[in-house]
Amino acid sequence: MRDRFGRDINYLRISLTDRCNLRCEYCMPEDGIKNKIPHCDMLSLEELYEITEAFVSLGINKIRFTGGEPLVREGAVDLIKRVNALEGVREVTLTTNGILLDDYLDELLDAGVKRLNISLDTLDPVKYMEITRGGDIARVLKAIGNAKAKGIKPIKINTVLIGGFNDDEIPKLVGMTRDGGVDVRFIELMPIGEAAGFARSRFISNEEILRRIPELVEVDRDDPSSPATYYKLPEGKGKVGLINPISCKFCTNCNRVRLTATGKLKLCLHSNREIDLKKVLRNGENLEKAISEAILTKEEEHHLEDQKYITRNMNQIGG
Ligand code: SAM
Ligand code: SF4
């Protein structure tokens with residue numbers, strides 16, 4: 001599928017649920033979601049499959065499952081396996097907080113997942129418990145170790161940089177890339193959802209990583225549509241990625257669209273505009289036609305530089 005600006009749209013990110021087993025301070029309210037989505041407003045697994053099938057028939061070949069926490073949705077792994085078996089699908093991937101990952105690792109491998117993104121903002125058990133409001137880092141580290149041992153590659157650790165919280169851990173986090181088992185990507189904190197109130201005062205530009213670790217050397221990007229700029233330690237085997245959604249635009253290479261658990265198609269992460277594919281599906285209308293028409297309205301670029309931020313929380317979109 002080509003959009004109006006000639007971009008080949010081949011990547012779909014699906015949020016399987018807005019629920020989560022953690023309560024990261026910048027993402028989820030402490031007491032969970034305030035307005036719980038009624039069950040009938042959520043896409044069933046079968047509906048998610050049907051919509052995904054329509055996207056794949058139109059040329060989507062890479063699918064990432066995210067959330068909320070995708071692994072808390074019952075039946076997630078079966079859905080991933082069915083989607084992976086669709087003709088035309090080149091890759092299925094998962095973004096997870098890692099808490100349940102070890103329990104599902106073998107099933108996920110069997111379902112066809114070859115790459116993983118795991119969110120981890122600190123290596124300190126007490127700080128991890130604090131930022132996630134109760135998470136046990138030992139579970140995540142065990143899952144990362146086992147995923148490495150089972151040959152999942154790449155494993156990308158996603159770290160949101162938060163001033164005064166984890167900037168002192170930059171050398172340790174970068175050091176995780178030495179043996180090549182994982183890449184570590186630093187993401188700038190975005191002032192949306194739960195982070196709206198404190199993101200500006202705790203914001204640290206990714207430039208800080210290069211200032212603290214000047215020996216990092218920029219390396220060629222193997223995927224031009226990746227939002228990350230990649231670096232390596234001189235003796236490092238893994239990569240260090242910097243994702244700067246605010247200070248750096250990667251819109252010209254954008255190849256992705258997003259589907260929420262309630263069936264809303266988001267053509268740009270940073271736009272509030274959504275297209276209701278659940279309605280199209282439940283009214284028995286033509287999904288392929290609705291998707292093809294929608295793609296032609298994909299925004300050219302975001303306007304974060306003008307401080308135009310979305311109103312949805314990240315747990316509803318999946319990052
Ligand atoms: N629960 C899964 C996880 O944490 O990996 C998947 C969903 S989570 C919403 C996806 C990513 O969004 C995580 O890496 C998280 O750190 C990031 N995220 C959430 N809120 C954010 C914010 N305000 N700014 C930057 N990244 C954010
Ligand atoms: Fe849950 Fe992921 Fe949001 Fe943390 S960032 S609360 S793990 S959805």
# chains A, B, ... in the order shown; residues from 1 in each chain; ligands from 1
>>> select_by_dssp(residues="region 191-308 of chain A", states="alpha helix (DSSP H)", output="ChimeraX atom specification")
/A:199-202,207-212,277-282,287-295
>>> select_by_dssp(residues="region 55-292 of chain A", states="strand (DSSP E or B)", output="count of residues only")
51
>>> residues_near_ligand(ligand="ligand 2", cutoff="7 Å", atoms="only C-alpha atoms and all ligand atoms", output="list of chain:residue names")
A:Cys20, A:Asn21, A:Leu22, A:Arg23, A:Cys24, A:Cys27, A:Met28, A:Gly67, A:Gly68, A:Glu69, A:Thr96, A:Asn97, A:Thr132, A:Met314, A:Asn315, A:Gly318
>>> closest_atom_pairs(of="chain A", to="ligand 1", cutoff="9 Å", atoms="only C-alpha atoms and all ligand atoms", output="JSON lines")
{"residue": "A:Ser15", "atom": "CA", "partner": "ligand 1", "partner_atom_place_in_ligand_line": "7 (C)", "distance": 7.8}
{"residue": "A:Asp18", "atom": "CA", "partner": "ligand 1", "partner_atom_place_in_ligand_line": "7 (C)", "distance": 8.5}
{"residue": "A:Arg19", "atom": "CA", "partner": "ligand 1", "partner_atom_place_in_ligand_line": "1 (N)", "distance": 8.7}
{"residue": "A:Cys20", "atom": "CA", "partner": "ligand 1", "partner_atom_place_in_ligand_line": "1 (N)", "distance": 6.5}
{"residue": "A:Asn21", "atom": "CA", "partner": "ligand 1", "partner_atom_place_in_ligand_line": "1 (N)", "distance": 8.3}
{"residue": "A:Leu22", "atom": "CA", "partner": "ligand 1", "partner_atom_place_in_ligand_line": "1 (N)", "distance": 7.8}
{"residue": "A:Cys24", "atom": "CA", "partner": "ligand 1", "partner_atom_place_in_ligand_line": "19 (C)", "distance": 7.8}
{"residue": "A:Glu25", "atom": "CA", "partner": "ligand 1", "partner_atom_place_in_ligand_line": "20 (N)", "distance": 8.5}
{"residue": "A:Tyr26", "atom": "CA", "partner": "ligand 1", "partner_atom_place_in_ligand_line": "23 (N)", "distance": 5.2}
{"residue": "A:Cys27", "atom": "CA", "partner": "ligand 1", "partner_atom_place_in_ligand_line": "20 (N)", "distance": 4.3}
{"residue": "A:Met28", "atom": "CA", "partner": "ligand 1", "partner_atom_place_in_ligand_line": "20 (N)", "distance": 8.0}
{"residue": "A:Phe65", "atom": "CA", "partner": "ligand 1", "partner_atom_place_in_ligand_line": "6 (C)", "distance": 8.3}
{"residue": "A:Thr66", "atom": "CA", "partner": "ligand 1", "partner_atom_place_in_ligand_line": "6 (C)", "distance": 4.8}
{"residue": "A:Gly67", "atom": "CA", "partner": "ligand 1", "partner_atom_place_in_ligand_line": "7 (C)", "distance": 4.4}
{"residue": "A:Gly68", "atom": "CA", "partner": "ligand 1", "partner_atom_place_in_ligand_line": "1 (N)", "distance": 4.7}
{"residue": "A:Glu69", "atom": "CA", "partner": "ligand 1", "partner_atom_place_in_ligand_line": "1 (N)", "distance": 3.8}
{"residue": "A:Pro70", "atom": "CA", "partner": "ligand 1", "partner_atom_place_in_ligand_line": "1 (N)", "distance": 6.7}
{"residue": "A:Leu71", "atom": "CA", "partner": "ligand 1", "partner_atom_place_in_ligand_line": "1 (N)", "distance": 8.6}
{"residue": "A:Leu94", "atom": "CA", "partner": "ligand 1", "partner_atom_place_in_ligand_line": "6 (C)", "distance": 8.2}
{"residue": "A:Thr95", "atom": "CA", "partner": "ligand 1", "partner_atom_place_in_ligand_line": "5 (O)", "distance": 4.8}
{"residue": "A:Thr96", "atom": "CA", "partner": "ligand 1", "partner_atom_place_in_ligand_line": "5 (O)", "distance": 3.8}
{"residue": "A:Asn97", "atom": "CA", "partner": "ligand 1", "partner_atom_place_in_ligand_line": "3 (C)", "distance": 4.1}
{"residue": "A:Gly98", "atom": "CA", "partner": "ligand 1", "partner_atom_place_in_ligand_line": "5 (O)", "distance": 7.5}
{"residue": "A:Asn117", "atom": "CA", "partner": "ligand 1", "partner_atom_place_in_ligand_line": "5 (O)", "distance": 6.8}
{"residue": "A:Ile118", "atom": "CA", "partner": "ligand 1", "partner_atom_place_in_ligand_line": "5 (O)", "distance": 5.4}
{"residue": "A:Ser119", "atom": "CA", "partner": "ligand 1", "partner_atom_place_in_ligand_line": "5 (O)", "distance": 4.4}
{"residue": "A:Leu120", "atom": "CA", "partner": "ligand 1", "partner_atom_place_in_ligand_line": "16 (O)", "distance": 7.5}
{"residue": "A:Asp121", "atom": "CA", "partner": "ligand 1", "partner_atom_place_in_ligand_line": "16 (O)", "distance": 7.5}
{"residue": "A:Ile157", "atom": "CA", "partner": "ligand 1", "partner_atom_place_in_ligand_line": "14 (O)", "distance": 8.3}
{"residue": "A:Asn158", "atom": "CA", "partner": "ligand 1", "partner_atom_place_in_ligand_line": "14 (O)", "distance": 5.2}
{"residue": "A:Thr159", "atom": "CA", "partner": "ligand 1", "partner_atom_place_in_ligand_line": "16 (O)", "distance": 6.3}
{"residue": "A:Val160", "atom": "CA", "partner": "ligand 1", "partner_atom_place_in_ligand_line": "16 (O)", "distance": 5.4}
{"residue": "A:Leu161", "atom": "CA", "partner": "ligand 1", "partner_atom_place_in_ligand_line": "25 (C)", "distance": 8.3}
{"residue": "A:Ile187", "atom": "CA", "partner": "ligand 1", "partner_atom_place_in_ligand_line": "25 (C)", "distance": 6.0}
{"residue": "A:Glu188", "atom": "CA", "partner": "ligand 1", "partner_atom_place_in_ligand_line": "25 (C)", "distance": 5.7}
{"residue": "A:Leu189", "atom": "CA", "partner": "ligand 1", "partner_atom_place_in_ligand_line": "24 (N)", "distance": 3.8}
{"residue": "A:Met190", "atom": "CA", "partner": "ligand 1", "partner_atom_place_in_ligand_line": "24 (N)", "distance": 3.7}
{"residue": "A:Pro191", "atom": "CA", "partner": "ligand 1", "partner_atom_place_in_ligand_line": "23 (N)", "distance": 5.6}
{"residue": "A:Ile192", "atom": "CA", "partner": "ligand 1", "partner_atom_place_in_ligand_line": "23 (N)", "distance": 5.2}
{"residue": "A:Gly193", "atom": "CA", "partner": "ligand 1", "partner_atom_place_in_ligand_line": "23 (N)", "distance": 6.5}
{"residue": "A:Glu194", "atom": "CA", "partner": "ligand 1", "partner_atom_place_in_ligand_line": "23 (N)", "distance": 6.8}
{"residue": "A:Ala195", "atom": "CA", "partner": "ligand 1", "partner_atom_place_in_ligand_line": "23 (N)", "distance": 5.0}
{"residue": "A:Ala196", "atom": "CA", "partner": "ligand 1", "partner_atom_place_in_ligand_line": "23 (N)", "distance": 7.4}
{"residue": "A:Ala199", "atom": "CA", "partner": "ligand 1", "partner_atom_place_in_ligand_line": "23 (N)", "distance": 7.3}
{"residue": "A:Pro245", "atom": "CA", "partner": "ligand 1", "partner_atom_place_in_ligand_line": "25 (C)", "distance": 8.8}
{"residue": "A:Asn313", "atom": "CA", "partner": "ligand 1", "partner_atom_place_in_ligand_line": "20 (N)", "distance": 7.3}
{"residue": "A:Met314", "atom": "CA", "partner": "ligand 1", "partner_atom_place_in_ligand_line": "9 (C)", "distance": 4.5}
{"residue": "A:Asn315", "atom": "CA", "partner": "ligand 1", "partner_atom_place_in_ligand_line": "9 (C)", "distance": 4.2}
{"residue": "A:Gln316", "atom": "CA", "partner": "ligand 1", "partner_atom_place_in_ligand_line": "9 (C)", "distance": 7.2}
{"residue": "A:Ile317", "atom": "CA", "partner": "ligand 1", "partner_atom_place_in_ligand_line": "9 (C)", "distance": 6.6}
{"residue": "A:Gly318", "atom": "CA", "partner": "ligand 1", "partner_atom_place_in_ligand_line": "9 (C)", "distance": 4.1}
{"residue": "A:Gly319", "atom": "CA", "partner": "ligand 1", "partner_atom_place_in_ligand_line": "12 (O)", "distance": 4.2}
>>> atom_distance(atom1="CA of Asn146 (chain A)", atom2="CA of Leu12 (chain A)")
27.2 Å
>>> residues_around(residues="region 220-234 of chain A", least_positions_apart="6", cutoff="10 Å", atoms="only C-alpha atoms", output="PyMOL selection string")
chain A and resi 7-8+11+174-175+177-178+183-187+210+213-214+240-245+248-256
>>> residues_around(residues="Arg2 (chain A)", least_positions_apart="6", cutoff="10 Å", atoms="only C-alpha atoms", output="PyMOL selection string")
chain A and resi 8-10+59+255+292+295-296
>>> write_last_selection(atoms="C-alpha atoms", output="compact mmCIF listing (two decimals), in the first residue's frame")
# COMPACT_ATOMS: atom_id res chain seq x y z
CA ASP A 8 5.15 2.00 1.35
CA ILE A 9 2.95 1.10 4.33
CA ASN A 10 3.87 -2.46 5.26
CA GLY A 59 0.51 -5.67 1.62
CA ASN A 255 5.92 2.79 7.06
CA SER A 292 -7.09 1.41 1.34
CA ILE A 295 -4.16 4.90 4.04
CA LEU A 296 -4.52 7.73 1.51
>>> residues_around(residues="Leu141 (chain A)", least_positions_apart="3", cutoff="10 Å", atoms="only C-alpha atoms", output="compact mmCIF listing (two decimals) with all heavy atoms, in the first residue's frame")
# COMPACT_ATOMS: atom_id res chain seq x y z
N GLY A 98 7.77 -7.96 29.84
CA GLY A 98 8.62 -9.09 30.21
C GLY A 98 8.19 -9.86 31.45
O GLY A 98 8.74 -10.92 31.74
N ILE A 99 7.18 -9.36 32.17
CA ILE A 99 6.80 -10.02 33.43
C ILE A 99 6.29 -11.45 33.19
O ILE A 99 6.64 -12.38 33.92
CB ILE A 99 5.72 -9.17 34.17
CG1 ILE A 99 6.32 -7.86 34.65
CG2 ILE A 99 5.07 -9.96 35.32
CD1 ILE A 99 7.28 -7.94 35.83
N ASP A 102 8.63 -15.22 30.39
CA ASP A 102 9.25 -16.53 30.56
C ASP A 102 8.20 -17.65 30.50
O ASP A 102 8.46 -18.72 29.96
CB ASP A 102 10.02 -16.56 31.89
CG ASP A 102 11.10 -17.62 31.84
OD1 ASP A 102 11.79 -17.71 30.80
OD2 ASP A 102 11.22 -18.39 32.81
N LEU A 120 12.41 -1.94 29.82
CA LEU A 120 13.14 -2.02 31.08
C LEU A 120 13.82 -0.67 31.31
O LEU A 120 14.72 -0.30 30.56
CB LEU A 120 14.18 -3.15 30.99
CG LEU A 120 14.96 -3.50 32.25
CD1 LEU A 120 14.04 -4.02 33.35
CD2 LEU A 120 16.01 -4.57 31.93
N LEU A 123 18.03 -1.10 36.01
CA LEU A 123 18.53 -2.43 36.36
C LEU A 123 18.50 -2.65 37.86
O LEU A 123 18.96 -3.68 38.36
CB LEU A 123 19.95 -2.59 35.81
CG LEU A 123 20.01 -2.63 34.28
CD1 LEU A 123 21.45 -2.54 33.79
CD2 LEU A 123 19.35 -3.90 33.76
N ASP A 136 8.41 -7.03 39.58
CA ASP A 136 9.55 -7.80 40.06
C ASP A 136 10.54 -7.96 38.92
O ASP A 136 10.32 -8.74 37.98
CB ASP A 136 9.05 -9.18 40.54
CG ASP A 136 10.19 -10.07 40.99
OD1 ASP A 136 11.35 -9.61 41.02
OD2 ASP A 136 9.92 -11.25 41.28
N ILE A 137 11.66 -7.23 39.02
CA ILE A 137 12.64 -7.21 37.91
C ILE A 137 13.24 -8.60 37.67
O ILE A 137 13.64 -8.92 36.55
CB ILE A 137 13.75 -6.17 38.18
CG1 ILE A 137 14.49 -5.83 36.88
CG2 ILE A 137 14.72 -6.64 39.24
CD1 ILE A 137 15.49 -4.71 37.01
N ALA A 138 13.28 -9.43 38.70
CA ALA A 138 13.90 -10.76 38.55
C ALA A 138 13.20 -11.55 37.44
O ALA A 138 13.84 -12.29 36.68
CB ALA A 138 13.83 -11.51 39.88
N ILE A 144 14.73 -12.39 29.89
CA ILE A 144 15.73 -11.92 28.91
C ILE A 144 16.83 -12.97 28.75
O ILE A 144 17.21 -13.33 27.64
CB ILE A 144 16.33 -10.55 29.35
CG1 ILE A 144 15.25 -9.45 29.32
CG2 ILE A 144 17.50 -10.16 28.46
CD1 ILE A 144 15.68 -8.11 29.89
N GLY A 145 17.30 -13.51 29.88
CA GLY A 145 18.36 -14.53 29.83
C GLY A 145 17.90 -15.75 29.04
O GLY A 145 18.63 -16.25 28.17
N ASN A 146 16.68 -16.20 29.29
CA ASN A 146 16.20 -17.40 28.60
C ASN A 146 15.92 -17.13 27.12
O ASN A 146 16.13 -18.00 26.28
CB ASN A 146 14.95 -17.95 29.30
CG ASN A 146 15.33 -18.66 30.59
OD1 ASN A 146 16.49 -19.09 30.75
ND2 ASN A 146 14.40 -18.78 31.51
N ALA A 147 15.42 -15.91 26.83
CA ALA A 147 15.15 -15.57 25.42
C ALA A 147 16.47 -15.56 24.64
O ALA A 147 16.56 -16.06 23.52
CB ALA A 147 14.46 -14.21 25.33
>>> residues_around(residues="Phe55 (chain A)", least_positions_apart="3", cutoff="10 Å", atoms="only C-alpha atoms", output="list of chain:residue names")
A:Met1, A:Asn10, A:Tyr11, A:Leu12, A:Tyr49, A:Glu50, A:Ile51, A:Thr52, A:Leu58, A:Gly59, A:Ile60, A:Asn61, A:Ile63, A:Leu287, A:Glu288, A:Ile291, A:Ser292
>>> closest_residue(among="A:Glu208, A:Glu74, A:Glu91, A:Asp276", to="Asp41 (chain A)", atoms="only C-alpha atoms")
A:Asp276
>>> closest_residue(among="A:Lys172, A:His270, A:Lys153, A:Arg82", to="Gly238 (chain A)", atoms="only C-alpha atoms")
A:Lys153
